[in-house]
$ cat structure_29.txt   # compact mmCIF, C-alpha atoms and all ligand atoms
# COMPACT_ATOMS: atom_id res chain seq x y z
CA MET Z 957 17.24 11.44 -1.30
CA ARG Z 958 14.15 9.94 -2.89
CA ASN Z 959 10.62 11.33 -2.90
CA ILE Z 960 8.30 9.94 -0.27
CA PRO Z 961 6.95 6.63 -1.56
CA LYS Z 962 3.54 5.19 -2.20
CA LEU Z 963 3.71 2.25 0.18
CA ALA Z 964 1.95 -1.10 0.00
CA ILE Z 965 1.92 -3.19 3.17
CA ILE Z 966 1.34 -6.84 2.36
CA VAL Z 967 0.08 -9.28 4.97
CA PRO Z 968 -0.29 -13.04 4.38
CA CYS Z 969 -3.09 -14.51 6.51
CA TYR Z 970 -3.88 -18.15 7.09
CA ASN Z 971 -6.73 -18.90 9.49
CA GLU Z 972 -6.09 -15.68 11.36
CA ASP Z 973 -9.65 -14.64 12.25
CA GLN Z 974 -8.78 -14.47 15.94
CA VAL Z 975 -6.15 -11.84 15.44
CA LEU Z 976 -7.13 -10.15 12.21
CA GLY Z 977 -9.56 -7.56 13.62
CA GLU Z 978 -6.83 -6.17 15.85
CA THR Z 979 -4.22 -6.45 13.07
CA ILE Z 980 -6.34 -4.45 10.64
CA LYS Z 981 -6.96 -1.80 13.30
CA ARG Z 982 -3.29 -1.46 14.23
CA LEU Z 983 -1.91 -1.56 10.70
CA SER Z 984 -4.47 1.00 9.51
CA GLU Z 985 -3.42 3.25 12.40
CA THR Z 986 0.22 2.77 11.45
CA LEU Z 987 -0.53 3.65 7.84
CA GLU Z 988 -2.50 6.78 8.86
CA ASN Z 989 0.31 7.78 11.15
CA LEU Z 990 2.92 7.45 8.38
CA ILE Z 991 0.72 9.47 6.04
CA ASP Z 992 0.19 12.18 8.71
CA LYS Z 993 3.93 12.40 9.28
CA LYS Z 994 4.43 12.78 5.52
CA LYS Z 995 6.57 9.66 5.40
CA ILE Z 996 4.46 8.02 2.69
CA LYS Z 997 1.95 9.16 0.07
CA SER Z 998 -1.71 9.40 0.97
CA ASP Z 999 -2.76 6.74 -1.54
CA SER Z 1000 -0.65 4.08 0.18
CA PHE Z 1001 -2.57 0.94 1.04
CA ILE Z 1002 -2.57 -2.40 2.85
CA LEU Z 1003 -3.11 -5.68 1.02
CA TYR Z 1004 -4.24 -8.76 2.95
CA ILE Z 1005 -3.62 -12.08 1.23
CA ASP Z 1006 -5.94 -14.81 2.39
CA ASP Z 1007 -3.93 -17.99 1.90
CA GLY Z 1008 -6.93 -20.29 1.47
CA SER Z 1009 -8.13 -19.94 5.07
CA LYS Z 1010 -10.90 -22.18 6.32
CA ASP Z 1011 -12.21 -19.77 8.94
CA SER Z 1012 -13.80 -16.32 8.52
CA THR Z 1013 -10.53 -14.56 7.59
CA TRP Z 1014 -11.77 -13.63 4.10
CA ASN Z 1015 -15.07 -12.22 5.43
CA ILE Z 1016 -13.18 -10.00 7.84
CA ILE Z 1017 -10.92 -8.71 5.05
CA LYS Z 1018 -13.89 -8.10 2.77
CA SER Z 1019 -15.96 -6.22 5.29
CA SER Z 1020 -13.01 -4.11 6.36
CA SER Z 1021 -12.19 -3.21 2.76
CA ALA Z 1022 -15.79 -2.11 2.24
CA THR Z 1023 -15.42 0.57 4.92
CA ASN Z 1024 -11.75 1.43 4.66
CA LEU Z 1025 -10.43 2.77 1.37
CA SER Z 1026 -6.84 1.85 2.10
CA THR Z 1027 -7.61 -1.84 2.82
CA LYS Z 1028 -7.55 -4.33 -0.04
CA GLY Z 1029 -7.55 -8.09 -0.16
CA ILE Z 1030 -6.94 -11.03 -2.44
CA LYS Z 1031 -7.99 -14.58 -1.75
CA LEU Z 1032 -5.99 -17.56 -2.96
CA SER Z 1033 -8.02 -20.57 -4.01
CA LYS Z 1034 -6.26 -22.86 -1.55
CA ASN Z 1035 -3.54 -22.92 1.06
CA GLU Z 1036 -0.26 -22.47 -0.82
CA GLY Z 1037 1.99 -21.68 2.14
CA HIS Z 1038 3.47 -18.50 3.53
CA GLN Z 1039 6.09 -17.98 0.78
CA ASN Z 1040 3.62 -18.35 -2.07
CA ALA Z 1041 1.11 -16.09 -0.32
CA LEU Z 1042 3.83 -13.47 -0.05
CA LEU Z 1043 4.69 -13.93 -3.70
CA ALA Z 1044 1.02 -13.46 -4.65
CA GLY Z 1045 1.05 -10.19 -2.70
CA ILE Z 1046 4.30 -9.01 -4.26
CA GLU Z 1047 3.08 -9.78 -7.78
CA TYR Z 1048 -0.23 -8.08 -7.08
CA VAL Z 1049 1.26 -4.80 -5.84
CA GLU Z 1050 3.99 -4.62 -8.49
CA GLY Z 1051 3.46 -1.45 -10.50
CA LYS Z 1052 0.90 -0.18 -7.96
CA CYS Z 1053 3.42 1.18 -5.42
CA ASP Z 1054 6.96 2.57 -5.03
CA CYS Z 1055 7.85 0.10 -2.30
CA LEU Z 1056 6.26 -2.62 -0.20
CA ILE Z 1057 6.65 -3.86 3.34
CA SER Z 1058 5.69 -7.45 4.12
CA ILE Z 1059 4.66 -8.27 7.69
CA ASP Z 1060 3.02 -11.27 9.41
CA ALA Z 1061 -0.63 -11.09 10.38
CA ASP Z 1062 -0.07 -12.07 14.01
CA LEU Z 1063 1.40 -8.73 15.18
CA GLN Z 1064 4.59 -10.41 16.43
CA GLN Z 1065 6.72 -8.02 14.43
CA ASP Z 1066 6.78 -4.46 15.64
CA GLU Z 1067 4.72 -2.47 13.14
CA LYS Z 1068 5.98 0.78 14.68
CA SER Z 1069 9.42 0.12 13.13
CA MET Z 1070 7.94 0.70 9.69
CA ILE Z 1071 8.84 4.36 9.96
CA HIS Z 1072 12.53 3.36 9.98
CA PHE Z 1073 11.98 1.16 6.94
CA THR Z 1074 10.53 4.01 4.91
CA ASP Z 1075 13.25 6.39 6.12
CA SER Z 1076 15.85 3.94 4.81
CA TYR Z 1077 14.00 3.79 1.51
CA VAL Z 1078 14.02 7.57 1.18
CA ASN Z 1079 17.75 7.49 1.94
CA GLY Z 1080 18.32 5.24 -1.05
CA CYS Z 1081 17.98 1.68 0.26
CA ASP Z 1082 16.23 -0.84 -1.97
CA VAL Z 1083 16.00 -3.67 0.53
CA VAL Z 1084 15.42 -3.23 4.26
CA LEU Z 1085 15.39 -6.36 6.40
CA GLY Z 1086 13.72 -6.47 9.81
CA VAL Z 1087 15.84 -8.47 12.24
CA ARG Z 1088 14.46 -9.53 15.62
CA ASN Z 1089 16.51 -8.68 18.67
CA ASP Z 1090 16.02 -11.87 20.62
CA ARG Z 1091 13.79 -14.89 20.73
CA MET Z 1092 12.99 -14.80 24.42
CA CYS Z 1093 9.22 -14.88 23.94
CA ASP Z 1094 9.42 -18.02 21.80
CA SER Z 1095 8.94 -21.46 23.26
CA PHE Z 1096 12.04 -23.53 23.93
CA PHE Z 1097 11.08 -25.76 21.04
CA LYS Z 1098 10.75 -22.89 18.57
CA ARG Z 1099 14.07 -21.42 19.71
CA ALA Z 1100 15.86 -24.74 19.40
CA THR Z 1101 14.45 -25.49 15.94
CA ALA Z 1102 15.25 -21.97 14.74
CA LEU Z 1103 18.83 -22.28 16.00
CA GLY Z 1104 19.18 -25.68 14.34
CA PHE Z 1105 17.80 -24.21 11.14
CA TYR Z 1106 20.35 -21.38 10.96
CA LYS Z 1107 23.22 -23.72 11.89
CA LEU Z 1108 22.21 -26.20 9.20
CA MET Z 1109 21.78 -23.49 6.58
CA ASN Z 1110 25.21 -22.17 7.40
CA LEU Z 1111 26.75 -25.62 7.19
CA MET Z 1112 25.17 -26.12 3.78
CA GLY Z 1113 26.59 -22.85 2.54
CA VAL Z 1114 23.22 -21.08 2.22
CA ASP Z 1115 23.48 -17.37 2.81
CA ILE Z 1116 20.63 -16.10 4.98
CA ILE Z 1117 20.36 -13.46 7.67
CA LYS Z 1118 19.91 -14.86 11.15
CA ASN Z 1119 16.63 -13.92 12.85
CA HIS Z 1120 15.28 -12.17 9.79
CA ALA Z 1121 11.81 -13.47 9.06
CA ASP Z 1122 9.68 -12.08 6.29
CA TYR Z 1123 9.39 -8.55 7.67
CA ARG Z 1124 11.06 -6.50 4.96
CA LEU Z 1125 10.84 -3.54 2.64
CA LEU Z 1126 11.42 -3.92 -1.08
CA SER Z 1127 11.64 -1.01 -3.50
CA SER Z 1128 9.96 -1.29 -6.90
CA LYS Z 1129 13.38 -2.00 -8.39
CA ALA Z 1130 13.97 -4.83 -5.91
CA ILE Z 1131 10.45 -6.17 -6.59
CA ARG Z 1132 11.13 -6.31 -10.33
CA MET Z 1133 14.40 -8.12 -9.78
CA LEU Z 1134 12.91 -10.55 -7.29
CA LEU Z 1135 10.06 -11.40 -9.62
CA SER Z 1136 12.48 -12.30 -12.38
CA PHE Z 1137 13.34 -15.43 -10.37
CA LYS Z 1138 10.88 -17.87 -11.86
CA GLU Z 1139 11.51 -20.83 -9.58
CA VAL Z 1140 8.59 -22.79 -8.22
CA ASN Z 1141 10.46 -23.70 -5.04
CA LEU Z 1142 10.41 -20.28 -3.48
CA PHE Z 1143 12.72 -19.31 -0.66
CA LEU Z 1144 12.40 -15.55 -0.46
CA ARG Z 1145 14.81 -15.08 2.44
CA GLY Z 1146 17.61 -16.43 0.32
CA LEU Z 1147 16.51 -14.76 -2.90
CA VAL Z 1148 16.45 -11.21 -1.50
CA LEU Z 1149 20.15 -11.54 -0.74
CA LEU Z 1150 20.92 -12.66 -4.27
CA ILE Z 1151 19.70 -9.49 -5.94
CA GLY Z 1152 22.55 -7.49 -4.47
CA LEU Z 1153 20.94 -4.06 -4.10
CA LYS Z 1154 21.71 -1.67 -1.26
CA THR Z 1155 20.47 -3.40 1.89
CA GLU Z 1156 19.98 -2.17 5.43
CA TYR Z 1157 18.92 -3.91 8.66
CA ILE Z 1158 16.42 -2.61 11.16
CA TYR Z 1159 16.36 -4.27 14.58
CA PHE Z 1160 13.06 -4.67 16.38
CA ASP Z 1161 11.74 -6.37 19.50
CA VAL Z 1162 9.61 -9.37 18.81
CA LYS Z 1163 6.32 -9.73 20.68
CA ASP Z 1164 4.06 -12.62 21.58
CA ARG Z 1165 1.46 -13.62 19.06
CA TYR Z 1166 -1.54 -11.36 19.72
CA ALA Z 1167 -3.97 -14.27 19.49
CA GLY Z 1168 -4.32 -17.67 17.89
CA LYS Z 1169 -1.73 -20.36 17.39
CA SER Z 1170 1.34 -20.50 15.13
CA LYS Z 1171 0.36 -21.52 11.62
CA TYR Z 1172 3.77 -23.09 11.06
CA THR Z 1173 3.23 -26.70 11.95
CA LEU Z 1174 6.28 -28.90 12.49
CA LYS Z 1175 5.73 -30.33 9.01
CA LYS Z 1176 5.62 -26.86 7.44
CA MET Z 1177 8.78 -25.88 9.32
CA PHE Z 1178 10.70 -28.91 8.05
CA THR Z 1179 9.45 -28.38 4.51
CA PHE Z 1180 10.56 -24.76 4.73
CA ALA Z 1181 14.06 -25.68 5.92
CA TRP Z 1182 14.41 -28.51 3.43
CA ASP Z 1183 13.26 -26.25 0.59
CA GLY Z 1184 15.74 -23.64 1.71
CA ILE Z 1185 18.61 -26.10 1.60
CA THR Z 1186 17.74 -27.92 -1.60
CA SER Z 1187 16.86 -24.74 -3.51
CA PHE Z 1188 20.07 -23.00 -2.59
CA SER Z 1189 22.72 -25.60 -2.03
CA VAL Z 1190 24.19 -28.64 -3.73
CA VAL Z 1191 26.20 -29.52 -0.61
CA PRO Z 1192 24.01 -32.59 0.13
CA LEU Z 1193 24.89 -33.97 -3.32
CA ARG Z 1194 28.59 -33.35 -2.68
CA LEU Z 1195 28.31 -35.04 0.72
CA ILE Z 1196 27.05 -38.12 -1.07
CA THR Z 1197 30.12 -38.17 -3.29
CA LEU Z 1198 32.26 -37.77 -0.18
CA ILE Z 1199 30.48 -40.64 1.58
CA GLY Z 1200 30.97 -42.72 -1.57
CA PHE Z 1201 34.72 -42.10 -1.50
CA ILE Z 1202 35.01 -42.85 2.19
CA VAL Z 1203 33.10 -46.12 1.88
CA PHE Z 1204 35.21 -47.03 -1.15
CA PHE Z 1205 38.44 -46.54 0.80
CA VAL Z 1206 37.11 -48.43 3.80
CA SER Z 1207 36.25 -51.32 1.50
CA LEU Z 1208 39.78 -51.22 0.04
CA ILE Z 1209 41.19 -51.53 3.55
CA MET Z 1210 38.79 -54.36 4.31
CA GLY Z 1211 39.86 -56.08 1.09
CA GLY Z 1212 43.47 -55.76 2.16
CA SER Z 1213 42.76 -57.29 5.55
CA VAL Z 1214 40.86 -60.19 3.95
CA LEU Z 1215 43.79 -60.81 1.63
CA TYR Z 1216 46.12 -60.76 4.60
CA SER Z 1217 44.03 -63.27 6.52
CA VAL Z 1218 43.94 -65.59 3.50
CA ILE Z 1219 47.71 -65.42 3.09
CA ALA Z 1220 48.34 -65.81 6.82
CA ASN Z 1221 45.85 -68.66 6.83
CA LYS Z 1222 43.79 -67.07 9.56
CA THR Z 1223 40.45 -67.36 7.84
CA VAL Z 1224 38.06 -67.44 10.76
CA GLN Z 1225 34.92 -66.77 8.76
CA GLY Z 1226 32.43 -64.63 10.62
CA TRP Z 1227 28.81 -64.06 9.89
CA ALA Z 1228 28.94 -60.42 10.98
CA SER Z 1229 31.69 -59.48 8.59
CA THR Z 1230 29.53 -60.65 5.71
CA VAL Z 1231 26.17 -59.35 6.75
CA LEU Z 1232 27.07 -56.00 8.33
CA PRO Z 1233 28.59 -54.47 5.20
CA ILE Z 1234 25.46 -55.42 3.25
CA TYR Z 1235 23.26 -53.51 5.67
CA PHE Z 1236 25.75 -50.68 5.88
CA MET Z 1237 26.09 -50.28 2.14
CA GLY Z 1238 22.38 -50.78 1.56
CA GLY Z 1239 21.57 -48.03 4.05
CA ILE Z 1240 24.02 -45.59 2.56
CA GLN Z 1241 22.85 -46.30 -0.97
CA LEU Z 1242 19.20 -45.80 -0.08
CA MET Z 1243 19.99 -42.57 1.72
CA CYS Z 1244 21.97 -41.27 -1.24
CA LEU Z 1245 19.25 -42.26 -3.67
CA GLY Z 1246 16.76 -40.42 -1.50
CA VAL Z 1247 18.75 -37.19 -1.58
CA ILE Z 1248 19.29 -37.41 -5.32
CA GLY Z 1249 15.58 -38.17 -5.68
CA GLU Z 1250 14.75 -34.97 -3.78
CA TYR Z 1251 16.72 -32.92 -6.26
CA ILE Z 1252 15.17 -34.72 -9.21
CA GLY Z 1253 11.77 -34.03 -7.66
CA LYS Z 1254 12.67 -30.35 -7.58
CA ILE Z 1255 13.72 -30.41 -11.25
CA TYR Z 1256 10.46 -32.19 -12.07
CA LYS Z 1257 8.44 -29.49 -10.33
CA GLU Z 1258 10.43 -26.70 -11.95
CA THR Z 1259 10.12 -28.09 -15.47
CA LYS Z 1260 6.35 -28.33 -15.18
CA ARG Z 1261 6.23 -24.61 -14.43
CA ARG Z 1262 2.87 -24.93 -12.78
CA PRO Z 1263 1.26 -21.72 -11.52
CA ARG Z 1264 2.28 -21.08 -7.94
CA TYR Z 1265 -1.17 -19.93 -6.82
CA PHE Z 1266 -4.57 -18.91 -8.14
CA ILE Z 1267 -6.39 -15.77 -7.08
CA GLU Z 1268 -9.98 -16.71 -6.46
CA ASP Z 1269 -11.37 -13.38 -5.31
CA ILE Z 1270 -10.30 -9.74 -5.04
CA THR Z 1271 -11.93 -7.03 -2.96
CA ASP Z 1272 -13.21 -4.31 -5.25
CA GLU Z 1273 -10.65 -1.97 -6.73
CA LYS Z 1274 -11.39 1.49 -5.44
CA SER Z 1275 -8.44 3.62 -6.38
N1 LIG Y 1301 0.87 -18.12 6.90
C1 LIG Y 1301 0.35 -18.25 5.61
N2 LIG Y 1301 0.20 -19.51 5.09
C2 LIG Y 1301 0.55 -20.65 5.78
C3 LIG Y 1301 1.12 -20.48 7.08
C4 LIG Y 1301 1.27 -19.22 7.61
O1 LIG Y 1301 0.02 -17.26 4.95
O2 LIG Y 1301 0.38 -21.73 5.25
C5 LIG Y 1301 1.03 -16.76 7.46
C6 LIG Y 1301 0.40 -16.56 8.83
O3 LIG Y 1301 -0.95 -16.20 8.73
C7 LIG Y 1301 1.25 -15.42 9.38
C8 LIG Y 1301 2.62 -15.69 8.78
O4 LIG Y 1301 2.41 -16.54 7.67
O5 LIG Y 1301 0.81 -14.17 8.93
C9 LIG Y 1301 3.58 -16.30 9.76
O6 LIG Y 1301 2.99 -17.42 10.36
P1 LIG Y 1301 3.06 -17.72 11.92
O7 LIG Y 1301 2.97 -16.44 12.69
O8 LIG Y 1301 2.03 -18.75 12.25
O9 LIG Y 1301 4.51 -18.34 12.03
P2 LIG Y 1301 5.54 -18.20 13.26
O10 LIG Y 1301 5.61 -16.75 13.64
O11 LIG Y 1301 4.99 -19.04 14.33
O12 LIG Y 1301 6.82 -18.71 12.68
MG MG Y 1302 4.19 -15.48 14.00
$ encode --input "structure_29.txt" --output "structure tokens" --more "lines below"
Ligand code: UDP
Ligand code: MG
Amino acid sequence: MRNIPKLAIIVPCYNEDQVLGETIKRLSETLENLIDKKKIKSDSFILYIDDGSKDSTWNIIKSSSATNLSTKGIKLSKNEGHQNALLAGIEYVEGKCDCLISIDADLQQDEKSMIHFTDSYVNGCDVVLGVRNDRMCDSFFKRATALGFYKLMNLMGVDIIKNHADYRLLSSKAIRMLLSFKEVNLFLRGLVLLIGLKTEYIYFDVKDRYAGKSKYTLKKMFTFAWDGITSFSVVPLRLITLIGFIVFFVSLIMGGSVLYSVIANKTVQGWASTVLPIYFMGGIQLMCLGVIGEYIGKIYKETKRRPRYFIEDITDEKS
């Protein structure tokens, strides 16, 4: 059994001014409740990360932190995406808490389950993953893309937990380990499984977004999936080798058949048999070059080691 922890709740927010007032109210209540029940220490706090929002998100965070001691905020200089906003939060709270829980700003994840997360922590777990029970409240499109995403990840040999979004608890030990991954292409859902500490799952019912629209545009979703695959799997590169072999063997067979038709004097020369392979091979080569290019692009980004975000503003430190 561990001592009760000092908890940091971290919440990435991108253009969430429609929902943020309610989120701050509910999360503050949850925090108070956990403190009252002696599940966490009284100096636990909530950190809102403004991921370069263009609306009044930062103003809301600032004014709330002025009146509420347990509310803090950091503002990133521009929109860096959900994963980088989370990373900014994790790096910021490292050393300031015993464990953290990350949760989305839109109140889709059930904040009342946090009590189970902290119980697991006290019982010795270093990683607790929130897993949603079903996706019934999602649109058909979201459900289909999510299903496709998990199928594809599986096919590519990437180990991730189905229906676990970024609602999770990390102990200070897990935070330290996670932060030792220095990659620029961040895919936290995969990384948390690589650290190998004692992990538990908490199931919760997912709710509708309280207000506002999903901040994951189709483009962001594809980038996320593509990053997940190319940061964790070299299967696409192997597939290229496989395609290369297959095409090579097919061309051997074609060569054989051409030889046969020459010997048998059946040379009915066709336009298609000349032109089609050119298109076919050209297409495959371009596709393969593209995939290899993607990986080289990743190496290029990693070698530059550019900072993953900049913190532009911090609400005043009070504790
Ligand atoms: N988010 C972010 N930066 C982005 C996109 C999203 O910080 O570029 C945050 C967003 O404010 C929310 C969380 O990531 O707290 C999850 O986003 P959303 O609820 O829109 O995604 P969905 O639930 O639709 O997958
Ligand atoms: Mg959401």
$ residues_around --input "structure_29.txt" --residues "Gly1239 (chain Z)" --least-positions-apart "6" --cutoff "12 Å" --atoms "all atoms listed in the file" --output "JSON, numbers by chain"
{"Z": [1199, 1203, 1232, 1233, 1245, 1246]}
$ residues_near_ligand --input "structure_29.txt" --ligand "ligand LIG 1301 (chain Y)" --cutoff "8 Å" --atoms "all atoms listed in the file" --output "count of residues only"
28
$ closest_residue --input "structure_29.txt" --among "Z:Val1049, Z:Leu1085, Z:Cys1093, Z:Ile1017" --to "ligand MG 1302 (chain Y)" --atoms "all atoms listed in the file"
Z:Cys1093
$ residues_around --input "structure_29.txt" --residues "region 1148-1155 of chain Z" --least-positions-apart "5" --cutoff "12 Å" --atoms "all atoms listed in the file" --output "count of residues only"
36
$ closest_residue --input "structure_29.txt" --among "Z:Asp973, Z:Asp1164, Z:Lys1052, Z:Glu1067" --to "Asn989 (chain Z)" --atoms "only C-alpha atoms"
Z:Glu1067
$ atom_distance --input "structure_29.txt" --atom1 "CA of Val1247 (chain Z)" --atom2 "CA of Lys1260 (chain Z)"
20.4 Å
$ residues_around --input "structure_29.txt" --residues "Asn1024 (chain Z)" --least-positions-apart "5" --cutoff "12 Å" --atoms "all atoms listed in the file" --output "list in words"
Ile980, Lys981, Leu983, Ser984, Glu985, Leu987, Glu988, Phe1001, Ile1002, Leu1003, Ile1016, Ile1017, Lys1018, Ser1019, Gly1029, Thr1271, Asp1272, Glu1273, Lys1274 and Ser1275 of chain Z
$ closest_residue --input "structure_29.txt" --among "Z:Trp1182, Z:Ser1187, Z:Leu1174, Z:Asn1089" --to "Tyr1157 (chain Z)" --atoms "all atoms listed in the file"
Z:Asn1089
$ closest_residue --input "structure_29.txt" --among "Z:Ile1270, Z:Glu1250, Z:Ser1207, Z:Ser1189" --to "Ile1234 (chain Z)" --atoms "all atoms listed in the file"
Z:Ser1207
$ atom_distance --input "structure_29.txt" --atom1 "CA of Trp1014 (chain Z)" --atom2 "CA of Val1162 (chain Z)"
26.3 Å
$ closest_residue --input "structure_29.txt" --among "Z:Leu1103, Z:Leu1063, Z:Leu976, Z:Cys1055" --to "ligand MG 1302 (chain Y)" --atoms "all atoms listed in the file"
Z:Leu1063
$ closest_residue --input "structure_29.txt" --among "Z:Tyr1166, Z:Phe1097, Z:Tyr1251, Z:Tyr1216" --to "ligand MG 1302 (chain Y)" --atoms "all atoms listed in the file"
Z:Tyr1166
$ atom_distance --input "structure_29.txt" --atom1 "CA of Lys1254 (chain Z)" --atom2 "atom MG of ligand MG 1302 (chain Y)"
27.5 Å
$ axis_aligned_box --input "structure_29.txt" --around "region 1045-1059 of chain Z" --padding-each-side "3 Å" --output "AutoDock Vina command-line options"
--center_x 3.8 --center_y -3.8 --center_z -1.4 --size_x 14.1 --size_y 18.8 --size_z 24.2
$ residues_around --input "structure_29.txt" --residues "Ile1196 (chain Z)" --least-positions-apart "2" --cutoff "10 Å" --atoms "all atoms listed in the file" --output "ChimeraX atom specification"
/Z:1191-1194,1198-1202,1240-1241,1243-1245,1247-1248
$ decode --input "structure_29.txt" --residues "region 1024-1039 of chain Z" --atoms "N, CA and C atoms" --output "mmCIF file, in the first residue's frame"
data_model
loop_
_atom_site.group_PDB
_atom_site.id
_atom_site.type_symbol
_atom_site.label_atom_id
_atom_site.label_comp_id
_atom_site.auth_asym_id
_atom_site.auth_seq_id
_atom_site.Cartn_x
_atom_site.Cartn_y
_atom_site.Cartn_z
ATOM 1 N N ASN Z 1024 -9.287 30.261 -7.971
ATOM 2 C CA ASN Z 1024 -9.224 28.905 -7.429
ATOM 3 C C ASN Z 1024 -7.768 28.461 -7.298
ATOM 4 N N LEU Z 1025 -7.361 28.230 -6.055
ATOM 5 C CA LEU Z 1025 -5.954 27.901 -5.798
ATOM 6 C C LEU Z 1025 -5.493 26.627 -6.486
ATOM 7 N N SER Z 1026 -6.418 25.697 -6.671
ATOM 8 C CA SER Z 1026 -5.990 24.399 -7.212
ATOM 9 C C SER Z 1026 -6.015 24.376 -8.743
ATOM 10 N N THR Z 1027 -6.344 25.508 -9.381
ATOM 11 C CA THR Z 1027 -6.369 25.541 -10.849
ATOM 12 C C THR Z 1027 -5.137 26.260 -11.379
ATOM 13 N N LYS Z 1028 -4.421 25.606 -12.272
ATOM 14 C CA LYS Z 1028 -3.256 26.222 -12.904
ATOM 15 C C LYS Z 1028 -3.397 26.095 -14.413
ATOM 16 N N GLY Z 1029 -2.600 26.841 -15.133
ATOM 17 C CA GLY Z 1029 -2.670 26.729 -16.589
ATOM 18 C C GLY Z 1029 -1.352 27.072 -17.240
ATOM 19 N N ILE Z 1030 -1.100 26.422 -18.387
ATOM 20 C CA ILE Z 1030 0.015 26.852 -19.230
ATOM 21 C C ILE Z 1030 -0.525 27.040 -20.635
ATOM 22 N N LYS Z 1031 0.071 27.969 -21.341
ATOM 23 C CA LYS Z 1031 -0.399 28.249 -22.700
ATOM 24 C C LYS Z 1031 0.717 27.965 -23.688
ATOM 25 N N LEU Z 1032 0.465 27.110 -24.653
ATOM 26 C CA LEU Z 1032 1.468 26.851 -25.690
ATOM 27 C C LEU Z 1032 1.376 27.951 -26.739
ATOM 28 N N SER Z 1033 2.518 28.253 -27.364
ATOM 29 C CA SER Z 1033 2.544 29.395 -28.270
ATOM 30 C C SER Z 1033 1.729 29.158 -29.533
ATOM 31 N N LYS Z 1034 1.566 27.897 -29.927
ATOM 32 C CA LYS Z 1034 0.692 27.619 -31.071
ATOM 33 C C LYS Z 1034 0.114 26.221 -30.960
ATOM 34 N N ASN Z 1035 -0.779 25.889 -31.847
ATOM 35 C CA ASN Z 1035 -1.427 24.582 -31.797
ATOM 36 C C ASN Z 1035 -0.442 23.473 -32.191
ATOM 37 N N GLU Z 1036 -0.106 22.633 -31.213
ATOM 38 C CA GLU Z 1036 0.881 21.577 -31.462
ATOM 39 C C GLU Z 1036 0.235 20.206 -31.525
ATOM 40 N N GLY Z 1037 -1.059 20.136 -31.308
ATOM 41 C CA GLY Z 1037 -1.755 18.846 -31.349
ATOM 42 C C GLY Z 1037 -1.878 18.236 -29.969
ATOM 43 N N HIS Z 1038 -2.900 17.404 -29.845
ATOM 44 C CA HIS Z 1038 -3.270 16.770 -28.580
ATOM 45 C C HIS Z 1038 -2.089 16.107 -27.863
ATOM 46 N N GLN Z 1039 -1.305 15.284 -28.611
ATOM 47 C CA GLN Z 1039 -0.221 14.524 -27.980
ATOM 48 C C GLN Z 1039 0.859 15.431 -27.411
#
